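Text of the file protein_24.cif, holding mmCIF, C-alpha atoms:
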data_input
#
loop_
_atom_site.label_atom_id
_atom_site.label_comp_id
_atom_site.auth_asym_id
_atom_site.auth_seq_id
_atom_site.Cartn_x
_atom_site.Cartn_y
_atom_site.Cartn_z
CA MET A 192 -46.66 23.60 -12.26
CA TYR A 193 -43.52 25.69 -11.78
CA LYS A 194 -40.38 24.26 -13.37
CA VAL A 195 -36.89 24.21 -11.86
CA ALA A 196 -33.81 22.87 -13.65
CA VAL A 197 -30.80 21.85 -11.55
CA ILE A 198 -27.45 21.71 -13.34
CA GLY A 199 -25.11 19.21 -11.70
CA GLY A 200 -26.01 16.08 -9.75
CA GLY A 201 -23.52 16.19 -6.85
CA TRP A 202 -24.58 16.46 -3.22
CA ALA A 203 -25.60 20.10 -3.70
CA GLY A 204 -27.62 19.37 -6.82
CA CYS A 205 -29.42 16.41 -5.25
CA ALA A 206 -30.22 18.51 -2.17
CA ALA A 207 -31.49 21.39 -4.32
CA ALA A 208 -33.65 19.04 -6.39
CA LEU A 209 -35.23 17.62 -3.24
CA THR A 210 -36.09 20.94 -1.60
CA ALA A 211 -37.37 22.44 -4.86
CA ARG A 212 -39.55 19.38 -5.36
CA LYS A 213 -40.89 19.53 -1.79
CA ALA A 214 -41.60 23.24 -2.25
CA GLY A 215 -43.92 22.31 -5.12
CA ALA A 216 -41.90 22.54 -8.34
CA GLU A 217 -41.50 20.12 -11.20
CA VAL A 218 -37.75 19.38 -11.14
CA THR A 219 -35.32 18.28 -13.83
CA LEU A 220 -31.83 17.31 -12.64
CA LEU A 221 -29.10 17.38 -15.29
CA GLU A 222 -25.92 15.37 -14.66
CA LYS A 223 -23.12 15.19 -17.22
CA THR A 224 -21.85 11.75 -16.10
CA ASP A 225 -23.63 8.45 -15.51
CA MET A 226 -23.71 8.74 -11.70
CA LEU A 227 -25.02 11.13 -9.08
CA LEU A 228 -23.03 12.62 -6.18
CA GLY A 229 -19.82 13.59 -7.99
CA LEU A 230 -17.11 13.95 -5.34
CA GLY A 231 -19.50 12.29 -2.90
CA ASN A 232 -18.44 9.01 -4.51
CA VAL A 233 -14.91 9.43 -3.15
CA GLY A 234 -15.48 11.42 0.05
CA GLY A 235 -17.38 9.64 2.77
CA ILE A 236 -16.73 11.79 5.87
CA MET A 237 -19.78 13.13 7.72
CA ARG A 238 -20.63 14.52 11.15
CA ASN A 239 -17.02 15.33 12.08
CA ASN A 240 -16.60 18.38 14.30
CA GLY A 241 -19.05 21.15 13.37
CA ARG A 242 -20.57 19.08 10.59
CA PHE A 243 -22.55 17.27 13.27
CA THR A 244 -24.19 20.58 14.20
CA ALA A 245 -24.91 21.49 10.59
CA ALA A 246 -26.35 18.06 9.82
CA GLU A 247 -28.77 18.37 12.72
CA GLU A 248 -29.72 21.92 11.68
CA ASN A 249 -30.57 20.62 8.20
CA ILE A 250 -32.65 17.82 9.70
CA ALA A 251 -34.55 20.33 11.86
CA LEU A 252 -35.11 22.57 8.81
CA GLY A 253 -36.63 19.65 6.90
CA ALA A 254 -33.68 18.56 4.75
CA GLY A 255 -32.88 15.32 6.52
CA GLU A 256 -33.25 12.68 3.78
CA LEU A 257 -29.67 12.74 2.51
CA PHE A 258 -28.26 12.62 6.03
CA GLY A 259 -30.54 9.67 6.70
CA ILE A 260 -28.93 7.87 3.76
CA THR A 261 -25.35 8.62 4.79
CA ASP A 262 -26.14 7.58 8.36
CA LYS A 263 -27.67 4.32 7.11
CA CYS A 264 -24.68 3.65 4.85
CA SER A 265 -22.04 4.44 7.47
CA ARG A 266 -19.39 1.75 7.96
CA HIS A 267 -18.19 3.40 11.16
CA ILE A 268 -19.69 6.00 13.53
CA ASN A 269 -18.19 8.11 16.33
CA VAL A 270 -14.72 7.77 14.81
CA ASN A 271 -11.90 10.00 16.06
CA PHE A 272 -8.86 10.75 13.90
CA PRO A 273 -6.27 13.56 14.03
CA GLY A 274 -8.04 16.89 14.53
CA HIS A 275 -11.52 15.36 14.22
CA ARG A 276 -14.08 13.88 16.57
CA HIS A 277 -17.32 11.87 16.31
CA ALA A 278 -17.06 11.32 12.53
CA SER A 279 -19.24 8.97 10.53
CA LEU A 280 -17.64 7.27 7.53
CA TYR A 281 -20.15 6.23 4.88
CA ASP A 282 -19.53 3.49 2.36
CA VAL A 283 -18.87 5.24 -0.95
CA THR A 284 -19.80 2.07 -2.85
CA ARG A 285 -23.35 2.01 -1.43
CA VAL A 286 -24.57 5.57 -1.14
CA GLU A 287 -25.13 6.65 -4.78
CA PRO A 288 -27.76 3.99 -5.61
CA GLU A 289 -29.65 4.94 -2.44
CA VAL A 290 -29.72 8.62 -3.41
CA ARG A 291 -30.76 7.78 -6.97
CA LYS A 292 -33.64 5.68 -5.64
CA LEU A 293 -34.79 8.48 -3.32
CA LEU A 294 -34.86 11.10 -6.08
CA LYS A 295 -36.77 8.82 -8.41
CA GLU A 296 -39.31 8.07 -5.67
CA ARG A 297 -39.86 11.84 -5.38
CA ASP A 298 -40.60 12.04 -9.14
CA ILE A 299 -37.51 14.10 -9.91
CA ASP A 300 -36.61 13.79 -13.59
CA ILE A 301 -32.94 12.75 -13.61
CA ARG A 302 -31.21 13.07 -16.95
CA PHE A 303 -27.77 11.49 -17.05
CA MET A 304 -25.09 12.31 -19.64
CA SER A 305 -26.75 15.70 -20.07
CA ARG A 306 -24.12 18.42 -20.10
CA ALA A 307 -25.21 22.06 -20.15
CA ILE A 308 -22.94 24.11 -22.39
CA ASP A 309 -24.75 27.41 -23.02
CA VAL A 310 -27.84 29.50 -22.33
CA ILE A 311 -30.49 31.44 -24.20
CA MET A 312 -31.23 34.65 -22.32
CA ARG A 313 -34.33 36.81 -22.15
CA GLY A 314 -33.20 40.06 -20.60
CA ASP A 315 -31.44 39.20 -17.34
CA ASP A 316 -33.16 35.83 -17.09
CA ILE A 317 -32.13 32.46 -18.45
CA GLU A 318 -34.89 31.29 -20.78
CA LYS A 319 -33.35 27.97 -21.81
CA LEU A 320 -30.28 25.83 -21.26
CA ILE A 321 -28.54 24.36 -24.28
CA LEU A 322 -27.15 20.86 -23.81
CA ALA A 323 -24.29 19.26 -25.69
CA GLY A 324 -26.05 17.73 -28.68
CA GLY A 325 -28.42 20.67 -29.10
CA GLU A 326 -31.36 19.85 -26.81
CA GLU A 327 -32.89 22.87 -25.07
CA ILE A 328 -34.21 22.81 -21.48
CA GLU A 329 -36.74 25.42 -20.44
CA ALA A 330 -37.56 26.29 -16.81
CA ASP A 331 -38.78 29.13 -14.63
CA ALA A 332 -35.68 29.06 -12.43
CA PHE A 333 -32.30 27.39 -12.65
CA ILE A 334 -29.85 26.19 -10.00
CA GLU A 335 -26.18 25.70 -10.84
CA THR A 336 -24.35 23.14 -8.73
CA THR A 337 -21.64 22.17 -11.21
CA GLY A 338 -18.79 22.52 -8.74
CA SER A 339 -15.56 24.26 -9.58
CA THR A 340 -13.34 21.50 -10.98
CA GLY A 341 -12.47 20.70 -14.60
CA GLY A 342 -12.07 20.49 -17.49
CA PRO A 343 -8.75 18.75 -18.07
CA GLY A 344 -7.16 21.95 -19.41
CA ASN A 345 -7.61 23.67 -16.06
CA CYS A 346 -6.04 20.75 -14.20
CA LEU A 347 -3.09 20.91 -16.61
CA THR A 348 -2.72 24.68 -16.32
CA TYR A 349 -3.01 24.89 -12.54
CA GLY A 350 -1.98 21.37 -11.47
CA ASN A 351 -0.25 18.24 -12.74
CA GLY A 352 -2.64 17.46 -15.56
CA CYS A 353 -5.72 15.23 -15.71
CA CYS A 354 -5.52 12.64 -12.95
CA MET A 355 -8.53 10.64 -14.23
CA CYS A 356 -10.66 11.54 -11.22
CA ILE A 357 -14.26 10.60 -10.44
CA LEU A 358 -15.55 13.51 -12.57
CA ARG A 359 -14.20 11.78 -15.73
CA CYS A 360 -14.09 14.86 -17.94
CA PRO A 361 -12.33 13.05 -20.84
CA ALA A 362 -15.25 10.60 -21.02
CA PHE A 363 -18.21 12.91 -20.37
CA GLY A 364 -16.94 16.36 -21.31
CA PRO A 365 -15.70 19.31 -19.27
CA ARG A 366 -17.80 21.32 -16.86
CA VAL A 367 -19.07 24.62 -18.29
CA SER A 368 -19.82 27.62 -16.07
CA ILE A 369 -23.47 28.49 -16.64
CA SER A 370 -23.20 31.56 -14.40
CA ALA A 371 -20.49 32.93 -16.69
CA LYS A 372 -22.47 32.04 -19.83
CA ALA A 373 -25.45 33.95 -18.38
CA GLY A 374 -23.36 37.09 -17.88
CA GLY A 375 -22.35 36.69 -14.23
CA SER A 376 -18.78 37.10 -13.05
CA ASP A 377 -17.00 34.07 -11.60
CA ILE A 378 -14.38 34.12 -8.86
CA MET A 379 -11.24 31.96 -8.78
CA GLY A 380 -9.82 30.78 -5.48
CA ARG A 381 -6.10 31.17 -4.82
CA ARG A 382 -3.31 29.39 -3.01
CA LYS A 383 -0.81 30.96 -0.62
CA ASP A 384 1.63 31.62 -3.47
CA GLY A 385 -1.05 33.47 -5.42
CA SER A 386 -1.64 30.77 -8.04
CA PHE A 387 -5.21 29.77 -8.84
CA GLY A 388 -7.19 26.78 -7.61
CA ALA A 389 -6.30 24.14 -5.02
CA PHE A 390 -5.41 20.45 -5.06
CA SER A 391 -8.27 18.14 -4.17
CA GLY A 392 -7.52 16.67 -0.79
CA SER A 393 -7.25 12.88 -0.92
CA GLY A 394 -7.24 9.65 -2.90
CA LYS A 395 -8.60 6.12 -2.60
CA LEU A 396 -6.53 2.97 -2.31
CA GLU A 397 -7.84 -0.52 -2.95
CA LYS A 398 -8.00 -2.04 0.56
CA ASN A 399 -7.01 -5.48 -0.70
CA SER A 400 -3.73 -4.01 -1.97
CA LEU A 401 -2.69 -3.18 1.61
CA SER A 402 -1.24 -5.45 4.27
CA GLU A 403 -3.54 -7.67 6.31
CA GLU A 404 -2.67 -5.72 9.46
CA ILE A 405 -3.72 -2.38 7.92
CA ARG A 406 -6.91 -3.89 6.50
CA GLN A 407 -7.85 -5.37 9.86
CA THR A 408 -7.27 -2.05 11.63
CA LEU A 409 -9.42 -0.22 9.09
CA ASN A 410 -12.22 -2.76 9.26
CA GLU A 411 -12.29 -2.74 13.06
CA LYS A 412 -11.59 0.91 13.89
CA GLY A 413 -12.33 2.83 10.69
CA VAL A 414 -8.99 4.65 10.85
CA ALA A 415 -5.33 3.65 10.59
CA VAL A 416 -2.42 6.00 11.28
CA ILE A 417 0.92 4.73 9.95
CA PRO A 418 4.05 6.74 10.91
CA LEU A 419 6.30 7.75 8.02
CA PRO A 420 10.09 7.45 8.09
CA LYS A 421 11.76 10.83 8.54
CA GLU A 422 12.93 11.03 4.92
CA ALA A 423 9.35 10.58 3.64
CA VAL A 424 7.87 13.49 5.63
CA LYS A 425 7.04 16.41 3.31
CA LYS A 426 5.29 19.14 5.28
CA GLU A 427 5.11 21.41 2.23
CA LYS A 428 2.25 19.20 1.01
CA LEU A 429 0.05 20.63 3.76
CA ASP A 430 -0.08 23.97 1.95
CA MET A 431 -1.42 22.23 -1.18
CA LYS A 432 -4.46 20.70 0.50
CA VAL A 433 -7.83 22.16 -0.35
CA CYS A 434 -9.16 20.68 2.89
CA LYS A 435 -7.42 22.91 5.43
CA GLN A 436 -9.07 21.03 8.29
CA TYR A 437 -6.54 18.29 7.49
CA ALA A 438 -3.53 20.60 7.10
CA LEU A 439 -2.11 19.44 10.42
CA ASP A 440 1.38 18.06 11.10
CA GLU A 441 -0.08 14.60 11.77
CA TYR A 442 -1.09 14.37 8.10
CA ALA A 443 2.49 15.03 6.96
CA GLU A 444 4.20 12.84 9.57
CA ASN A 445 1.87 9.87 9.07
CA ILE A 446 -0.23 8.20 6.43
CA VAL A 447 -3.79 8.64 7.70
CA LEU A 448 -6.26 6.16 6.21
CA LEU A 449 -10.04 6.14 6.65
CA ASP A 450 -12.31 3.22 5.81
CA THR A 451 -15.00 4.37 3.37
CA GLY A 452 -15.24 1.03 1.58
CA TYR A 453 -11.90 1.84 0.04
CA ALA A 454 -8.92 3.10 2.03
CA LYS A 455 -9.13 6.89 1.83
CA ILE A 456 -5.60 8.31 1.99
CA MET A 457 -5.62 11.82 3.38
CA THR A 458 -2.98 13.46 1.21
CA PRO A 459 -3.28 15.47 -2.03
CA PHE A 460 -0.97 12.94 -3.70
CA PHE A 461 1.72 10.41 -2.79
CA ASP A 462 3.82 9.01 -5.61
CA LEU A 463 3.36 5.27 -5.92
CA GLU A 464 7.04 4.34 -5.89
CA SER A 465 7.56 6.14 -2.58
CA LEU A 466 4.30 4.84 -1.14
CA ARG A 467 5.28 1.24 -1.87
CA ARG A 468 8.46 1.69 0.17
CA ILE A 469 6.36 2.10 3.31
CA PRO A 470 5.77 -1.17 5.20
CA GLY A 471 2.25 -2.41 4.56
CA PHE A 472 1.95 -0.53 1.27
CA GLU A 473 4.26 -2.71 -0.86
CA ASN A 474 1.40 -3.59 -3.24
CA ALA A 475 -0.64 -0.40 -2.88
CA ARG A 476 -2.85 0.62 -5.79
CA TYR A 477 -4.85 3.80 -6.39
CA VAL A 478 -8.53 3.39 -7.25
CA ASP A 479 -9.37 7.08 -7.60
CA PRO A 480 -7.88 9.15 -8.99
CA TYR A 481 -6.09 6.64 -11.18
CA ALA A 482 -3.11 8.98 -11.39
CA GLY A 483 -3.25 9.65 -7.64
CA GLY A 484 0.51 9.17 -7.39
CA LYS A 485 1.09 12.12 -9.70
CA GLY A 486 -1.48 14.67 -8.68
CA ASN A 487 -5.13 15.36 -8.05
CA SER A 488 -7.95 17.43 -9.50
CA ILE A 489 -7.82 21.24 -9.22
CA ARG A 490 -10.81 22.93 -7.59
CA TYR A 491 -12.17 26.45 -6.99
CA LEU A 492 -11.73 27.75 -10.52
CA SER A 493 -15.34 28.87 -11.03
CA VAL A 494 -17.21 30.29 -8.04
CA ALA A 495 -20.30 32.41 -8.74
CA GLU A 496 -20.92 35.72 -7.03
CA ARG A 497 -24.15 35.36 -5.05
CA ASP A 498 -26.17 36.73 -2.16
CA ASN A 499 -26.97 34.99 1.12
CA ALA A 500 -30.18 33.53 -0.34
CA MET A 501 -27.96 31.66 -2.87
CA LYS A 502 -29.14 33.80 -5.80
CA VAL A 503 -26.44 34.50 -8.40
CA SER A 504 -25.61 38.18 -8.79
CA GLY A 505 -26.50 39.74 -12.13
CA VAL A 506 -28.71 36.89 -13.35
CA GLY A 507 -32.41 37.14 -12.62
CA ASN A 508 -33.44 33.51 -12.16
CA LEU A 509 -30.21 31.62 -11.38
CA PHE A 510 -29.32 30.17 -7.97
CA CYS A 511 -26.25 28.21 -6.91
CA GLY A 512 -25.03 25.74 -4.30
CA GLY A 513 -22.00 23.68 -3.29
CA GLU A 514 -18.54 24.72 -4.47
CA LYS A 515 -20.16 26.81 -7.18
CA ALA A 516 -21.43 29.03 -4.35
CA GLY A 517 -18.17 29.60 -2.50
CA LEU A 518 -14.86 28.19 -1.35
CA PHE A 519 -16.66 25.47 0.58
CA VAL A 520 -15.26 22.07 1.53
CA GLY A 521 -17.38 19.00 2.12
CA HIS A 522 -20.61 17.11 1.60
CA THR A 523 -22.46 18.69 4.52
CA GLU A 524 -21.58 22.14 3.21
CA ALA A 525 -22.85 21.17 -0.26
CA ILE A 526 -26.13 19.77 1.08
CA SER A 527 -26.64 22.87 3.26
CA THR A 528 -26.18 25.39 0.45
CA GLY A 529 -27.98 23.26 -2.13
CA SER A 530 -31.02 22.80 0.10
CA LEU A 531 -31.39 26.55 0.57
CA ALA A 532 -30.92 27.20 -3.17
CA GLY A 533 -33.63 24.70 -4.12
CA HIS A 534 -36.13 26.14 -1.65
CA ASN A 535 -35.42 29.73 -2.68
CA ALA A 536 -35.68 28.98 -6.40
CA VAL A 537 -39.36 28.14 -5.84
CA ARG A 538 -39.87 31.18 -3.60
CA PHE A 539 -38.43 33.30 -6.42
CA ILE A 540 -40.80 31.85 -9.01
CA MET A 541 -43.76 32.48 -6.71
CA GLY A 542 -42.74 36.07 -6.01
CA MET A 543 -42.13 35.39 -2.32
CA LYS A 544 -39.42 36.91 -0.14
CA LEU A 545 -36.28 34.77 -0.31
CA LEU A 546 -35.19 32.95 2.82
CA GLU A 547 -31.89 33.89 4.47
CA LEU A 548 -30.97 31.63 7.35
CA PRO A 549 -30.15 33.51 10.57
CA ALA A 550 -26.51 33.93 11.53
CA SER A 551 -27.25 32.33 14.90
CA LEU A 552 -27.47 29.04 13.01
CA ALA A 553 -24.19 27.54 11.83
CA ILE A 554 -25.47 27.17 8.26
CA GLY A 555 -26.62 30.79 8.03
CA ASP A 556 -23.40 32.06 9.55
CA LEU A 557 -21.21 29.97 7.22
CA ILE A 558 -23.08 31.19 4.12
CA ALA A 559 -22.82 34.84 5.14
CA PHE A 560 -19.26 34.67 6.48
CA ALA A 561 -17.90 32.90 3.39
CA ASN A 562 -19.62 35.47 1.16
CA SER A 563 -18.24 38.49 3.01
CA SER A 564 -14.75 36.96 3.14
CA LEU A 565 -14.57 36.74 -0.66
CA LYS A 566 -14.54 40.54 -0.82
CA LYS A 567 -11.05 40.52 0.74
CA GLU A 568 -7.86 39.32 -0.94
CA GLU A 569 -7.06 36.87 1.87
CA GLY A 570 -10.59 35.47 1.59
CA LEU A 571 -9.69 34.01 -1.80
CA MET A 572 -7.11 31.83 -0.03
CA THR A 573 -9.45 30.66 2.75
CA ARG A 574 -11.54 27.47 2.65
CA PHE A 575 -14.78 27.27 4.58
CA THR A 576 -15.94 24.14 6.35
CA PHE A 577 -17.82 23.22 9.50
CA ALA A 578 -15.15 20.57 10.12
CA GLY A 579 -12.07 22.62 10.92
CA ALA A 580 -9.65 25.43 10.11
CA GLU A 581 -10.79 29.05 10.40
CA TYR A 582 -14.54 28.50 10.27
CA PHE A 583 -14.75 25.76 12.91
CA ALA A 584 -12.78 28.03 15.24
CA ARG A 585 -15.37 30.73 14.54
CA MET A 586 -18.18 28.27 15.27
CA LYS A 587 -16.73 27.55 18.69
CA GLU A 588 -16.09 31.21 19.46
CA ARG A 589 -19.71 32.07 18.60
CA ARG A 590 -21.01 29.04 20.50
CA LEU A 591 -22.61 27.61 17.37
CA TYR A 592 -20.94 24.21 17.75
CA SER A 593 -23.03 21.64 19.59
CA THR A 594 -23.64 17.90 19.58
CA ASP A 595 -26.85 18.23 21.58
CA THR A 596 -29.57 17.43 19.04
CA GLU A 597 -32.33 18.88 21.20
CA GLU A 598 -30.48 22.15 21.65
CA ILE A 599 -29.86 22.40 17.91
CA ALA A 600 -33.53 21.75 17.14
CA ARG A 601 -34.54 24.44 19.66
CA ARG A 602 -32.33 26.98 17.87
CA VAL A 603 -34.14 26.32 14.60
CA ARG A 604 -37.52 26.39 16.33
CA ARG A 605 -36.71 29.78 17.86
CA TYR A 606 -36.91 31.37 14.39
CA ASP A 607 -40.13 29.59 13.44
CA ILE A 608 -38.42 27.80 10.56
CA GLU A 609 -38.56 24.23 11.83
CA GLY A 610 -39.48 21.96 8.92
CA ILE A 611 -39.56 24.89 6.50
CA TYR A 612 -38.10 22.79 3.66
CA GLU A 613 -40.67 20.04 4.14
CA HIS A 614 -43.88 21.67 2.94
CA PRO A 615 -45.17 23.01 -0.40
CA LEU A 616 -45.06 26.78 -0.71
CA ARG A 617 -48.37 28.59 -1.15
#
As structure tokens, please, write out the structure in this file.
Amino acid sequence: MYKVAVIGGGWAGCAAALTARKAGAEVTLLEKTDMLLGLGNVGGIMRNNGRFTAAEENIALGAGELFGITDKCSRHINVNFPGHRHASLYDVTRVEPEVRKLLKERDIDIRFMSRAIDVIMRGDDIEKLILAGGEEIEADAFIETTGSTGGPGNCLTYGNGCCMCILRCPAFGPRVSISAKAGGSDIMGRRKDGSFGAFSGSGKLEKNSLSEEIRQTLNEKGVAVIPLPKEAVKKEKLDMKVCKQYALDEYAENIVLLDTGYAKIMTPFFDLESLRRIPGFENARYVDPYAGGKGNSIRYLSVAERDNAMKVSGVGNLFCGGEKAGLFVGHTEAISTGSLAGHNAVRFIMGMKLLELPASLAIGDLIAFANSSLKKEEGLMTRFTFAGAEYFARMKERRLYSTDTEEIARRVRRYDIEGIYEHPLR
């Protein structure tokens, strides 16, 4: 049987493992920590704005399992908050065990605390991965979904230092760029001032540390918007946010909280002393990152050059997904790119033509548009998401945005690719 190794167990890696397995490969998933999903354990926002369209496209293509889990684990559905409509908020405390169970049921070999640190090459191909500790992993094709955050030195150089985020680099070791180790060239995203990287967009507060009124609002409505006193408004923070779909005045003039099991605070950081001066937050406590009052993790420091089939440029048998594949924001974006990478890794092994999704689908257009934008200087400062900012505007202009599930399924059917991820390749 063909062998595929996936490096990184976030949303993109889990999606890639599933589609590679369904395509007929034996799959090993390597995750450097003790949990799957990575930033998916602190995110929780699905189906907002154009992400609804992309989720339904994935389902029609045959990559619906992960969306089924987030839908099942949603605490709130059809939630509206500033700049966003019809969002689902999944419970970040429930979703990882469900995904782990699904992958094990599909006979995917998950290896936790397995950090890839180097490669053995044979010509332009990766022959083996080398793990910390010396173990070697051999496969016919490899998929890198390690993200673009870490190690702690990068967060110190380009941010406020290690914030003890969900990636836990001090405990499990820093991320290593396999695309760079294999001879590819990585891209670094930039901020408006030209500096590298971007602050991760939000933190988690323990709900029980907030006032009863705020807790009740979150539990009932899923969202709480608390106006800030004039002296606490700092609009310059909007430029720091990696998630440009939330870089709206409402997020500077208010504290916006979302109920994802914890209280998700939609700001790159808010120092604890100032936060506790706000009524209702007198006892507030950060859950993740632990140093959320000081800063947040720095992302987009290691993006691989790739084509629109998710194959890494300059490396024969390496594919990529998630933030490793572009300046993407969000779980839906990670699942979309990871699913295509997993499917195409098996096509590559079998000598088949690689699949590029048509630009008349939101997923295909996002993948191609983000790739072409990186060739321009301003593209390094742009973030790509179905949920807002520049790309959601493009979706609407091109009439790609829809919440009509039948219409979305018809679009996929038009190209004769309905269910294409579901079946073994022959």
Practice task
Name all residues at most 12 Å from Glu422 (chain A) (count all atoms listed in the file; drop same-chain ones fewer than 5 positions away) and give them as JSON, numbers by chain.
Solution key: {"A": [443, 444, 445, 465, 468, 469]}
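Take the PyMOL selection byres ((chain A and resi 402) around 10) and apply it to this file: it picks Lys398, Asn399, Ser400, Leu401, Glu403, Glu404, Ile405, Arg406, Gln407, Pro470, Gly471, Phe472, Glu473, Asn474 and Ala475 of chain A.
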Write out, as a Markdown table, each residue of region 472-525 of chain A that has an atom at most 12 Å from region 252-272 of chain A, together with the closest pair of atoms and their distance in Å to one decimal, counting only C-alpha atoms, rows going by chain and rising number.
| residue | atom | partner | partner_atom | distance |
| --- | --- | --- | --- | --- |
| A:His522 | CA | A:Phe258 | CA | 9.9 |
| A:Thr523 | CA | A:Phe258 | CA | 8.5 |
| A:Glu524 | CA | A:Phe258 | CA | 12.0 |
| A:Ala525 | CA | A:Leu257 | CA | 11.2 |
Sorted per-residue table, region 294-376 of chain A near region 200-219 of chain A, closest atoms and distance, 7 Å, all atoms listed in the file, as CSV:
residue,atom,partner,partner_atom,distance
A:Ile299,CA,A:Val218,CA,5.4
A:Asp300,CA,A:Thr219,CA,4.7
A:Ile301,CA,A:Thr219,CA,6.0
A:Thr336,CA,A:Gly204,CA,5.3
What does the file look like for those residues with C-alpha atoms, as a compact mmCIF listing (two decimals), in the frame of the given file?
# COMPACT_ATOMS: atom_id res chain seq x y z
CA ILE A 299 -37.51 14.10 -9.91
CA ASP A 300 -36.61 13.79 -13.59
CA ILE A 301 -32.94 12.75 -13.61
CA THR A 336 -24.35 23.14 -8.73
Exercise for the section: Go through the shown structure with the PyMOL selection byres ((chain A and resi 587-596) around 6) and write out the matching residues as a VMD selection string. Expected result: chain A and resid 241 244 553 584 to 586 597 to 599
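In terms of minimum interatomic distance to Ser488 (chain A), A:Tyr349 ranks closest within A:Phe539, A:Tyr612, A:Tyr349, A:Phe519, counting all atoms listed in the file.
Computed from the coordinates, the CA of Leu228 (chain A) to CA of Phe575 (chain A) distance equals 20.0 Å.
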Practice task
May I have the residues within 8 Å of Arg497 (chain A) as a ChimeraX atom specification, using only C-alpha atoms and disregarding those fewer than 5 positions away in the same chain?
Solution key: /A:502-504,510-511,516,562
If you count all atoms listed in the file, which residues fall within 12 Å of Phe560 (chain A), apart from same-chain ones fewer than 4 positions away, as a CSV table (one decimal) with C-alpha atoms, keeping the file's coordinate frame?
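So the final result, stored in around_38.csv, reads:
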chain,number,residue,atom,x,y,z
A,498,ASP,CA,-26.2,36.7,-2.2
A,499,ASN,CA,-27.0,35.0,1.1
A,517,GLY,CA,-18.2,29.6,-2.5
A,518,LEU,CA,-14.9,28.2,-1.4
A,519,PHE,CA,-16.7,25.5,0.6
A,549,PRO,CA,-30.2,33.5,10.6
A,550,ALA,CA,-26.5,33.9,11.5
A,551,SER,CA,-27.2,32.3,14.9
A,552,LEU,CA,-27.5,29.0,13.0
A,553,ALA,CA,-24.2,27.5,11.8
A,554,ILE,CA,-25.5,27.2,8.3
A,555,GLY,CA,-26.6,30.8,8.0
A,556,ASP,CA,-23.4,32.1,9.6
A,564,SER,CA,-14.8,37.0,3.1
A,565,LEU,CA,-14.6,36.7,-0.7
A,566,LYS,CA,-14.5,40.5,-0.8
A,567,LYS,CA,-11.0,40.5,0.7
A,570,GLY,CA,-10.6,35.5,1.6
A,573,THR,CA,-9.4,30.7,2.8
A,574,ARG,CA,-11.5,27.5,2.6
A,575,PHE,CA,-14.8,27.3,4.6
A,576,THR,CA,-15.9,24.1,6.4
A,577,PHE,CA,-17.8,23.2,9.5
A,581,GLU,CA,-10.8,29.0,10.4
A,582,TYR,CA,-14.5,28.5,10.3
A,583,PHE,CA,-14.8,25.8,12.9
A,585,ARG,CA,-15.4,30.7,14.5
A,586,MET,CA,-18.2,28.3,15.3
Exercise for the section: May I ask which of the residues A:Lys372, A:Arg382, A:His277, A:Lys421 is the closest one to Leu492 (chain A), counting all atoms listed in the file? Expected result: A:Arg382
Problem - Selection near region 223-226 of chain A, 10 Å with all atoms listed in the file, sequence-local residues under 3 positions removed, as a list in words - result: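 My reading of the contact set: Ile198, Gly199, Gly200, Gly201, Gly229, Asn232, Glu287, Pro288, Arg291, Arg302, Phe303, Met304, Ser305, Arg306, Ala307, Leu322, Ala323, Thr337, Ile357, Leu358, Arg359, Cys360, Ala362, Phe363, Gly364, Pro365 and Arg366 of chain A.
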Handout entry: Exercise: Asp315 (chain A) partners within 9 Å, all atoms listed in the file, chain neighbours under 3 positions left out, as a ChimeraX atom specification
Key = /A:312,373-374,505-508
Practice task
Counting all atoms listed in the file, figure out which residue out of A:Lys194, A:Lys383, A:Lys515, A:Arg297 gets nearest to Glu569 (chain A).
Solution key: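 Ranking A:Lys194, A:Lys383, A:Lys515, A:Arg297 by distance to Glu569 (chain A), first place goes to A:Lys383.
Taking CA of Gly234 (chain A) and CA of Leu546 (chain A) as endpoints, the distance between them is 29.3 Å.
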Practice task
Rank nothing, just name the residue among A:Ser339, A:Ala251, A:Gly392, A:Ala245 nearest to Gly513 (chain A), using all atoms listed in the file.
Solution key: A:Ser339
Practice task
Give the answer as one residue: which of A:Asp479, A:Glu326, A:Glu613, A:Glu335 has the shortest atom-to-atom distance to Ala454 (chain A), using all atoms listed in the file?
Solution key: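 Answer, going by the shortest atom-to-atom distance: A:Asp479.
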On this file, the PyMOL selection byres ((chain A and resi 476) around 6) gives some set of residues; write that set as an mmCIF file with C-alpha atoms, keeping the file's coordinate frame.
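Contents of part.cif, as written:
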data_model
loop_
_atom_site.group_PDB
_atom_site.id
_atom_site.type_symbol
_atom_site.label_atom_id
_atom_site.label_comp_id
_atom_site.auth_asym_id
_atom_site.auth_seq_id
_atom_site.Cartn_x
_atom_site.Cartn_y
_atom_site.Cartn_z
ATOM 1 C CA LEU A 396 -6.530 2.970 -2.310
ATOM 2 C CA GLU A 397 -7.840 -0.520 -2.950
ATOM 3 C CA ALA A 475 -0.640 -0.400 -2.880
ATOM 4 C CA TYR A 477 -4.850 3.800 -6.390
#
Practice task
Take CA of Val367 (chain A) and CA of Gly341 (chain A) and report the distance between them in Å, one decimal.
Solution key: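 Between CA of Val367 (chain A) and CA of Gly341 (chain A) the gap is 8.5 Å.
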To box region 272-284 of chain A, take all atoms listed in the file, fit an axis-aligned box, add 5 Å on each side, and give centre and edge lengths in Å to one decimal, as AutoDock Vina command-line options.
--center_x -13.2 --center_y 9.5 --center_z 6.9 --size_x 23.9 --size_y 24.8 --size_z 29.4
